[in-house]
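Asker: To be precise about what I am sending: the file is called coords24.pdb and holds PDB, C-alpha atoms.
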ATOM      1  CA  MET A 252      -7.271   9.011 -16.576
ATOM      2  CA  SER A 253      -6.667   6.667 -13.654
ATOM      3  CA  TYR A 254      -5.430   7.683 -10.209
ATOM      4  CA  VAL A 255      -2.959   5.821  -7.990
ATOM      5  CA  ASP A 256      -2.374   5.733  -4.243
ATOM      6  CA  GLY A 257       1.156   4.534  -3.474
ATOM      7  CA  PHE A 258       2.602   3.161  -0.242
ATOM      8  CA  VAL A 259       6.016   2.141   1.094
ATOM      9  CA  LEU A 260       6.326   0.536   4.525
ATOM     10  CA  ALA A 261       8.573  -1.628   6.669
ATOM     11  CA  VAL A 262       7.143  -4.907   7.950
ATOM     12  CA  PRO A 263       8.869  -7.263  10.367
ATOM     13  CA  SER A 264      10.016 -10.143   8.169
ATOM     14  CA  ALA A 265       8.567 -12.590  10.683
ATOM     15  CA  ASN A 266       5.126 -11.010  10.075
ATOM     16  CA  LYS A 267       4.990 -11.737   6.342
ATOM     17  CA  GLN A 268       1.956 -14.038   6.578
ATOM     18  CA  LYS A 269       0.243 -11.686   9.048
ATOM     19  CA  PHE A 270       0.807  -8.870   6.551
ATOM     20  CA  ILE A 271      -0.637 -10.943   3.697
ATOM     21  CA  ASP A 272      -3.701 -11.778   5.804
ATOM     22  CA  HIS A 273      -4.080  -8.112   6.810
ATOM     23  CA  ALA A 274      -3.779  -6.989   3.173
ATOM     24  CA  ARG A 275      -6.277  -9.529   1.882
ATOM     25  CA  GLN A 276      -8.848  -8.375   4.409
ATOM     26  CA  GLY A 277      -8.251  -4.655   3.863
ATOM     27  CA  ASP A 278      -7.653  -4.659   0.115
ATOM     28  CA  SER A 279     -11.053  -6.182  -0.565
ATOM     29  CA  VAL A 280     -12.586  -3.103   1.078
ATOM     30  CA  PHE A 281     -10.748  -0.828  -1.382
ATOM     31  CA  MET A 282     -12.057  -2.937  -4.259
ATOM     32  CA  GLU A 283     -15.593  -2.773  -2.877
ATOM     33  CA  TYR A 284     -15.437   1.034  -2.874
ATOM     34  CA  GLY A 285     -14.215   1.474  -6.435
ATOM     35  CA  ALA A 286     -10.541   0.531  -6.726
ATOM     36  CA  THR A 287      -9.789  -1.360  -9.932
ATOM     37  CA  ARG A 288      -6.576  -3.022  -8.767
ATOM     38  CA  VAL A 289      -4.517  -3.416  -5.594
ATOM     39  CA  LEU A 290      -0.979  -4.750  -5.611
ATOM     40  CA  GLU A 291       1.079  -5.607  -2.527
ATOM     41  CA  CYS A 292       4.773  -6.304  -3.232
ATOM     42  CA  TRP A 293       7.183  -7.856  -0.708
ATOM     43  CA  GLY A 294      10.736  -6.524  -1.097
ATOM     44  CA  ASP A 295      12.984  -8.976  -2.915
ATOM     45  CA  ASP A 296      15.735  -6.815  -4.417
ATOM     46  CA  VAL A 297      15.857  -3.586  -2.399
ATOM     47  CA  PRO A 298      19.434  -2.302  -2.558
ATOM     48  CA  GLU A 299      21.003   0.240  -0.256
ATOM     49  CA  GLY A 300      21.594   3.545  -1.992
ATOM     50  CA  LYS A 301      24.460   5.969  -1.496
ATOM     51  CA  GLN A 302      22.158   8.825  -0.451
ATOM     52  CA  THR A 303      18.576   7.546  -0.361
ATOM     53  CA  ASP A 304      16.753   4.236  -0.663
ATOM     54  CA  PHE A 305      13.488   2.544   0.266
ATOM     55  CA  ARG A 306      14.905   1.069   3.498
ATOM     56  CA  ARG A 307      16.064   4.434   4.822
ATOM     57  CA  ALA A 308      12.842   6.119   3.732
ATOM     58  CA  VAL A 309      10.823   3.934   6.111
ATOM     59  CA  LYS A 310      13.626   3.448   8.683
ATOM     60  CA  ALA A 311      13.561  -0.320   8.080
ATOM     61  CA  LYS A 312      15.431  -2.340  10.671
ATOM     62  CA  ASP A 313      17.613  -5.361   9.890
ATOM     63  CA  ASP A 314      14.749  -7.739  10.722
ATOM     64  CA  GLU A 315      12.228  -5.903   8.512
ATOM     65  CA  SER A 316      11.307  -6.119   4.838
ATOM     66  CA  VAL A 317      10.180  -3.254   2.634
ATOM     67  CA  VAL A 318       6.708  -3.479   1.105
ATOM     68  CA  PHE A 319       5.742  -1.425  -1.944
ATOM     69  CA  SER A 320       2.010  -1.230  -2.663
ATOM     70  CA  TRP A 321      -0.416   0.672  -4.793
ATOM     71  CA  ILE A 322      -4.118   1.034  -5.354
ATOM     72  CA  GLU A 323      -5.418   1.919  -8.794
ATOM     73  CA  TRP A 324      -8.662   3.846  -9.178
ATOM     74  CA  PRO A 325     -10.563   4.788 -12.344
ATOM     75  CA  ASP A 326     -10.080   8.515 -11.555
ATOM     76  CA  LYS A 327      -9.420  10.884  -8.665
ATOM     77  CA  SER A 328     -13.078  11.602  -7.926
ATOM     78  CA  THR A 329     -13.799   7.863  -7.517
ATOM     79  CA  ARG A 330     -10.733   7.640  -5.279
ATOM     80  CA  ASP A 331     -11.819  10.574  -3.122
ATOM     81  CA  VAL A 332     -15.305   9.138  -2.561
ATOM     82  CA  GLY A 333     -14.013   5.579  -2.165
ATOM     83  CA  MET A 334     -11.186   6.485   0.217
ATOM     84  CA  LYS A 335     -13.599   8.381   2.463
ATOM     85  CA  LYS A 336     -15.807   5.284   2.648
ATOM     86  CA  VAL A 337     -12.778   3.043   3.282
ATOM     87  CA  MET A 338     -11.629   5.205   6.198
ATOM     88  CA  GLU A 339     -15.123   5.064   7.720
ATOM     89  CA  ASP A 340     -15.563   1.311   7.217
ATOM     90  CA  PRO A 341     -15.427  -0.656  10.511
ATOM     91  CA  ARG A 342     -13.478  -3.450   8.766
ATOM     92  CA  MET A 343     -10.526  -1.066   8.486
ATOM     93  CA  LYS A 344     -10.355  -0.176  12.171
ATOM     94  CA  PRO A 345      -7.209  -1.377  14.007
ATOM     95  CA  GLU A 346      -9.383  -3.324  16.437
ATOM     96  CA  THR A 347     -10.865  -5.301  13.523
ATOM     97  CA  ASN A 348      -7.795  -5.608  11.287
ATOM     98  CA  PRO A 349      -4.651  -4.731  13.301
ATOM     99  CA  MET A 350      -1.610  -3.591  11.342
ATOM    100  CA  PRO A 351       1.298  -6.062  11.662
ATOM    101  CA  PHE A 352       3.755  -3.173  11.142
ATOM    102  CA  ASP A 353       4.524   0.295  12.493
ATOM    103  CA  GLY A 354       2.048   2.561  10.733
ATOM    104  CA  MET A 355       4.024   5.637  11.813
ATOM    105  CA  ARG A 356       6.727   4.690   9.272
ATOM    106  CA  LEU A 357       4.319   4.156   6.365
ATOM    107  CA  ILE A 358       4.798   6.576   3.466
ATOM    108  CA  TYR A 359       1.832   7.224   1.197
ATOM    109  CA  GLY A 360       0.555   9.634  -1.396
ATOM    110  CA  GLY A 361      -1.848  10.066  -4.288
ATOM    111  CA  PHE A 362      -0.530  10.305  -7.843
ATOM    112  CA  SER A 363      -1.874  11.309 -11.246
ATOM    113  CA  PRO A 364      -0.264   9.195 -13.988
ATOM    114  CA  VAL A 365       1.546  11.176 -16.677
ATOM    115  CA  VAL A 366       2.825   8.272 -18.815
ATOM    116  CA  GLU A 367       1.195   4.854 -19.248
ATOM    117  CA  LEU A 368       2.358   2.045 -21.501
ATOM    118  CA  LYS A 369       0.491  -1.253 -21.884
ATOM    119  CA  SER A 370       1.330  -4.409 -23.745
ATOM    120  CA  LYS A 371      -0.895  -5.337 -26.650
ATOM    121  CA  SER A 372      -1.638  -8.804 -25.267
TER     122      SER A 372
END
Using structure tokens, write down the structure that the file contains.
Answerer:
Amino acid sequence: MSYVDGFVLAVPSANKQKFIDHARQGDSVFMEYGATRVLECWGDDVPEGKQTDFRRAVKAKDDESVVFSWIEWPDKSTRDVGMKKVMEDPRMKPETNPMPFDGMRLIYGGFSPVVELKSKS
């Protein structure tokens, strides 16, 4: 079964295009090392919760947007090998592809799917 790396981060709203450029450069590296899909989603409808929410989770400021992203891999072993190569790749170094957001507030984790539904089309 597939494996998913998920991410939530706060990006200054003024840096939207810089983020898109950063993602395009970095996401291609994930694909090169075995990812089957990468999706970067700019927050459009991210409500405040009564106890928890995405904005609080990443300490988003008023001038920041929440980004929700994931990387799909064929399986965990491909992810483990691929992620090691990604982290060693010079194209992913901050000097080469600087992050247009505060990486200290990025939340990430690896997940094993337990339910998957697909449309027939």
Asker: Taking the file as shown, what set of residues would the PyMOL selection byres ((chain A and resi 352-368) around 6) give back, as a VMD selection string?
Answerer: chain A and resid 254 to 260 262 309 350 to 351 369
Asker: Which distance in Å separates CA of Val318 (chain A) and CA of Met252 (chain A), to one decimal?
Answerer: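 Computing the Euclidean distance for CA of Val318 (chain A) and CA of Met252 (chain A) yields 25.8 Å.
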Asker: Selection in question (the file shown): the PyMOL selection byres ((chain A and resi 286) around 8). Which residues does it include, as a list in words?
Answerer: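 So the PyMOL selection byres ((chain A and resi 286) around 8), applied here, picks out Phe281, Met282, Glu283, Tyr284, Gly285, Thr287, Arg288, Val289, Ile322, Glu323, Trp324, Pro325, Arg330 and Gly333 of chain A.
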Asker: What is the CA of Gln302 (chain A)-CA of Ser320 (chain A) distance in Å, reported with one decimal?
Answerer: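 So the two atoms, CA of Gln302 (chain A) and CA of Ser320 (chain A), lie 22.6 Å apart.
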Asker: So what do you get for CA of Asp331 (chain A) versus CA of His273 (chain A), distance-wise?
Answerer: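 Between CA of Asp331 (chain A) and CA of His273 (chain A) the gap is 22.5 Å.
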Asker: Edge lengths and centre in Å to one decimal, as AutoDock Vina command-line options, is what I'm after for the box along x, y and z that holds all listed atoms of region 365-368 of chain A once 5 Å is added on each side.
Answerer:
--center_x 2.0 --center_y 6.6 --center_z -19.1 --size_x 11.6 --size_y 19.1 --size_z 14.8
Asker: Counting all atoms listed in the file, which residue out of A:Ser370, A:Thr303, A:Ser253, A:Ser279 sits closest to Val337 (chain A)?
Answerer: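 Using all atoms listed in the file, Val337 (chain A) sits closest to A:Ser279.
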Asker: So which one's closest to Ser316 (chain A), A:Pro345, A:Lys301, A:Lys335, A:Trp293? Using all atoms listed in the file, please.
Answerer: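 Closest candidate: A:Trp293.
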Asker: Tell me which of A:Phe319, A:Ala261, A:Arg275, A:Gln268 sits closest to Asn348 (chain A), counting all atoms listed in the file.
Answerer: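 For Asn348 (chain A), the nearest of the given residues is A:Arg275.
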Asker: Nearest to Gly277 (chain A): which of A:Leu290, A:Pro263, A:Glu315, A:Arg306 is it, counting all atoms listed in the file?
Answerer: A:Leu290
Asker: Could you model all heavy atoms for region 317-328 of chain A and present them as a PDB file, in the frame of the given file?
Answerer:
ATOM      1  N   VAL A 317      10.890  -4.395   3.212  1.00  0.00           N
ATOM      2  CA  VAL A 317      10.180  -3.254   2.634  1.00  0.00           C
ATOM      3  C   VAL A 317       9.039  -3.772   1.766  1.00  0.00           C
ATOM      4  O   VAL A 317       9.205  -4.722   0.999  1.00  0.00           O
ATOM      5  CB  VAL A 317      11.134  -2.381   1.792  1.00  0.00           C
ATOM      6  CG1 VAL A 317      10.369  -1.275   1.081  1.00  0.00           C
ATOM      7  CG2 VAL A 317      12.226  -1.782   2.679  1.00  0.00           C
ATOM      8  N   VAL A 318       7.876  -3.161   1.914  1.00  0.00           N
ATOM      9  CA  VAL A 318       6.708  -3.479   1.105  1.00  0.00           C
ATOM     10  C   VAL A 318       6.369  -2.250   0.272  1.00  0.00           C
ATOM     11  O   VAL A 318       6.370  -1.119   0.775  1.00  0.00           O
ATOM     12  CB  VAL A 318       5.509  -3.889   1.991  1.00  0.00           C
ATOM     13  CG1 VAL A 318       4.241  -4.015   1.174  1.00  0.00           C
ATOM     14  CG2 VAL A 318       5.822  -5.191   2.724  1.00  0.00           C
ATOM     15  N   PHE A 319       6.112  -2.476  -1.001  1.00  0.00           N
ATOM     16  CA  PHE A 319       5.742  -1.425  -1.944  1.00  0.00           C
ATOM     17  C   PHE A 319       4.364  -1.804  -2.473  1.00  0.00           C
ATOM     18  O   PHE A 319       4.171  -2.901  -2.993  1.00  0.00           O
ATOM     19  CB  PHE A 319       6.776  -1.378  -3.065  1.00  0.00           C
ATOM     20  CG  PHE A 319       6.497  -0.387  -4.144  1.00  0.00           C
ATOM     21  CD1 PHE A 319       6.465   0.973  -3.882  1.00  0.00           C
ATOM     22  CD2 PHE A 319       6.304  -0.806  -5.449  1.00  0.00           C
ATOM     23  CE1 PHE A 319       6.231   1.892  -4.896  1.00  0.00           C
ATOM     24  CE2 PHE A 319       6.074   0.107  -6.474  1.00  0.00           C
ATOM     25  CZ  PHE A 319       6.043   1.450  -6.191  1.00  0.00           C
ATOM     26  N   SER A 320       3.397  -0.916  -2.303  1.00  0.00           N
ATOM     27  CA  SER A 320       2.010  -1.230  -2.663  1.00  0.00           C
ATOM     28  C   SER A 320       1.383  -0.072  -3.404  1.00  0.00           C
ATOM     29  O   SER A 320       1.796   1.073  -3.239  1.00  0.00           O
ATOM     30  CB  SER A 320       1.181  -1.479  -1.399  1.00  0.00           C
ATOM     31  OG  SER A 320       1.762  -2.453  -0.585  1.00  0.00           O
ATOM     32  N   TRP A 321       0.366  -0.395  -4.196  1.00  0.00           N
ATOM     33  CA  TRP A 321      -0.416   0.672  -4.793  1.00  0.00           C
ATOM     34  C   TRP A 321      -1.842   0.220  -5.029  1.00  0.00           C
ATOM     35  O   TRP A 321      -2.134  -0.954  -5.138  1.00  0.00           O
ATOM     36  CB  TRP A 321       0.221   1.232  -6.049  1.00  0.00           C
ATOM     37  CG  TRP A 321       0.268   0.369  -7.255  1.00  0.00           C
ATOM     38  CD1 TRP A 321      -0.675   0.237  -8.224  1.00  0.00           C
ATOM     39  CD2 TRP A 321       1.339  -0.478  -7.653  1.00  0.00           C
ATOM     40  NE1 TRP A 321      -0.254  -0.629  -9.197  1.00  0.00           N
ATOM     41  CE2 TRP A 321       0.995  -1.084  -8.862  1.00  0.00           C
ATOM     42  CE3 TRP A 321       2.582  -0.791  -7.094  1.00  0.00           C
ATOM     43  CZ2 TRP A 321       1.823  -1.979  -9.520  1.00  0.00           C
ATOM     44  CZ3 TRP A 321       3.408  -1.679  -7.755  1.00  0.00           C
ATOM     45  CH2 TRP A 321       3.022  -2.250  -8.953  1.00  0.00           C
ATOM     46  N   ILE A 322      -2.694   1.229  -5.083  1.00  0.00           N
ATOM     47  CA  ILE A 322      -4.118   1.034  -5.354  1.00  0.00           C
ATOM     48  C   ILE A 322      -4.446   1.859  -6.587  1.00  0.00           C
ATOM     49  O   ILE A 322      -4.163   3.062  -6.620  1.00  0.00           O
ATOM     50  CB  ILE A 322      -4.984   1.504  -4.164  1.00  0.00           C
ATOM     51  CG1 ILE A 322      -4.589   0.778  -2.884  1.00  0.00           C
ATOM     52  CG2 ILE A 322      -6.473   1.322  -4.480  1.00  0.00           C
ATOM     53  CD1 ILE A 322      -5.204   1.389  -1.632  1.00  0.00           C
ATOM     54  N   GLU A 323      -5.011   1.209  -7.585  1.00  0.00           N
ATOM     55  CA  GLU A 323      -5.418   1.919  -8.794  1.00  0.00           C
ATOM     56  C   GLU A 323      -6.919   2.196  -8.735  1.00  0.00           C
ATOM     57  O   GLU A 323      -7.699   1.337  -8.339  1.00  0.00           O
ATOM     58  CB  GLU A 323      -5.104   1.085 -10.032  1.00  0.00           C
ATOM     59  CG  GLU A 323      -3.626   0.892 -10.255  1.00  0.00           C
ATOM     60  CD  GLU A 323      -3.324   0.017 -11.455  1.00  0.00           C
ATOM     61  OE1 GLU A 323      -4.225  -0.246 -12.282  1.00  0.00           O
ATOM     62  OE2 GLU A 323      -2.166  -0.429 -11.563  1.00  0.00           O
ATOM     63  N   TRP A 324      -7.282   3.390  -9.137  1.00  0.00           N
ATOM     64  CA  TRP A 324      -8.662   3.846  -9.178  1.00  0.00           C
ATOM     65  C   TRP A 324      -8.975   4.316 -10.599  1.00  0.00           C
ATOM     66  O   TRP A 324      -8.065   4.738 -11.319  1.00  0.00           O
ATOM     67  CB  TRP A 324      -8.867   5.018  -8.220  1.00  0.00           C
ATOM     68  CG  TRP A 324      -8.509   4.759  -6.797  1.00  0.00           C
ATOM     69  CD1 TRP A 324      -7.276   4.913  -6.215  1.00  0.00           C
ATOM     70  CD2 TRP A 324      -9.368   4.302  -5.756  1.00  0.00           C
ATOM     71  NE1 TRP A 324      -7.329   4.591  -4.886  1.00  0.00           N
ATOM     72  CE2 TRP A 324      -8.601   4.207  -4.573  1.00  0.00           C
ATOM     73  CE3 TRP A 324     -10.728   3.970  -5.715  1.00  0.00           C
ATOM     74  CZ2 TRP A 324      -9.144   3.800  -3.361  1.00  0.00           C
ATOM     75  CZ3 TRP A 324     -11.262   3.561  -4.491  1.00  0.00           C
ATOM     76  CH2 TRP A 324     -10.484   3.480  -3.342  1.00  0.00           C
ATOM     77  N   PRO A 325     -10.229   4.317 -11.005  1.00  0.00           N
ATOM     78  CA  PRO A 325     -10.563   4.788 -12.344  1.00  0.00           C
ATOM     79  C   PRO A 325     -10.225   6.269 -12.553  1.00  0.00           C
ATOM     80  O   PRO A 325      -9.850   6.682 -13.634  1.00  0.00           O
ATOM     81  CB  PRO A 325     -12.061   4.569 -12.484  1.00  0.00           C
ATOM     82  CG  PRO A 325     -12.509   3.827 -11.295  1.00  0.00           C
ATOM     83  CD  PRO A 325     -11.398   3.803 -10.305  1.00  0.00           C
ATOM     84  N   ASP A 326     -10.352   7.078 -11.478  1.00  0.00           N
ATOM     85  CA  ASP A 326     -10.080   8.515 -11.555  1.00  0.00           C
ATOM     86  C   ASP A 326     -10.018   9.057 -10.125  1.00  0.00           C
ATOM     87  O   ASP A 326     -10.322   8.357  -9.162  1.00  0.00           O
ATOM     88  CB  ASP A 326     -11.157   9.238 -12.377  1.00  0.00           C
ATOM     89  CG  ASP A 326     -12.570   8.901 -11.906  1.00  0.00           C
ATOM     90  OD1 ASP A 326     -12.859   9.042 -10.695  1.00  0.00           O
ATOM     91  OD2 ASP A 326     -13.380   8.462 -12.742  1.00  0.00           O
ATOM     92  N   LYS A 327      -9.597  10.299  -9.996  1.00  0.00           N
ATOM     93  CA  LYS A 327      -9.420  10.884  -8.665  1.00  0.00           C
ATOM     94  C   LYS A 327     -10.744  11.054  -7.927  1.00  0.00           C
ATOM     95  O   LYS A 327     -10.809  10.862  -6.718  1.00  0.00           O
ATOM     96  CB  LYS A 327      -8.692  12.226  -8.743  1.00  0.00           C
ATOM     97  CG  LYS A 327      -8.333  12.751  -7.345  1.00  0.00           C
ATOM     98  CD  LYS A 327      -7.444  13.963  -7.418  1.00  0.00           C
ATOM     99  CE  LYS A 327      -6.917  14.389  -6.074  1.00  0.00           C
ATOM    100  NZ  LYS A 327      -7.890  14.647  -5.045  1.00  0.00           N
ATOM    101  N   SER A 328     -11.804  11.406  -8.628  1.00  0.00           N
ATOM    102  CA  SER A 328     -13.078  11.602  -7.926  1.00  0.00           C
ATOM    103  C   SER A 328     -13.587  10.285  -7.337  1.00  0.00           C
ATOM    104  O   SER A 328     -14.093  10.263  -6.216  1.00  0.00           O
ATOM    105  CB  SER A 328     -14.126  12.247  -8.835  1.00  0.00           C
ATOM    106  OG  SER A 328     -14.395  11.437  -9.945  1.00  0.00           O
TER     107      SER A 328
END
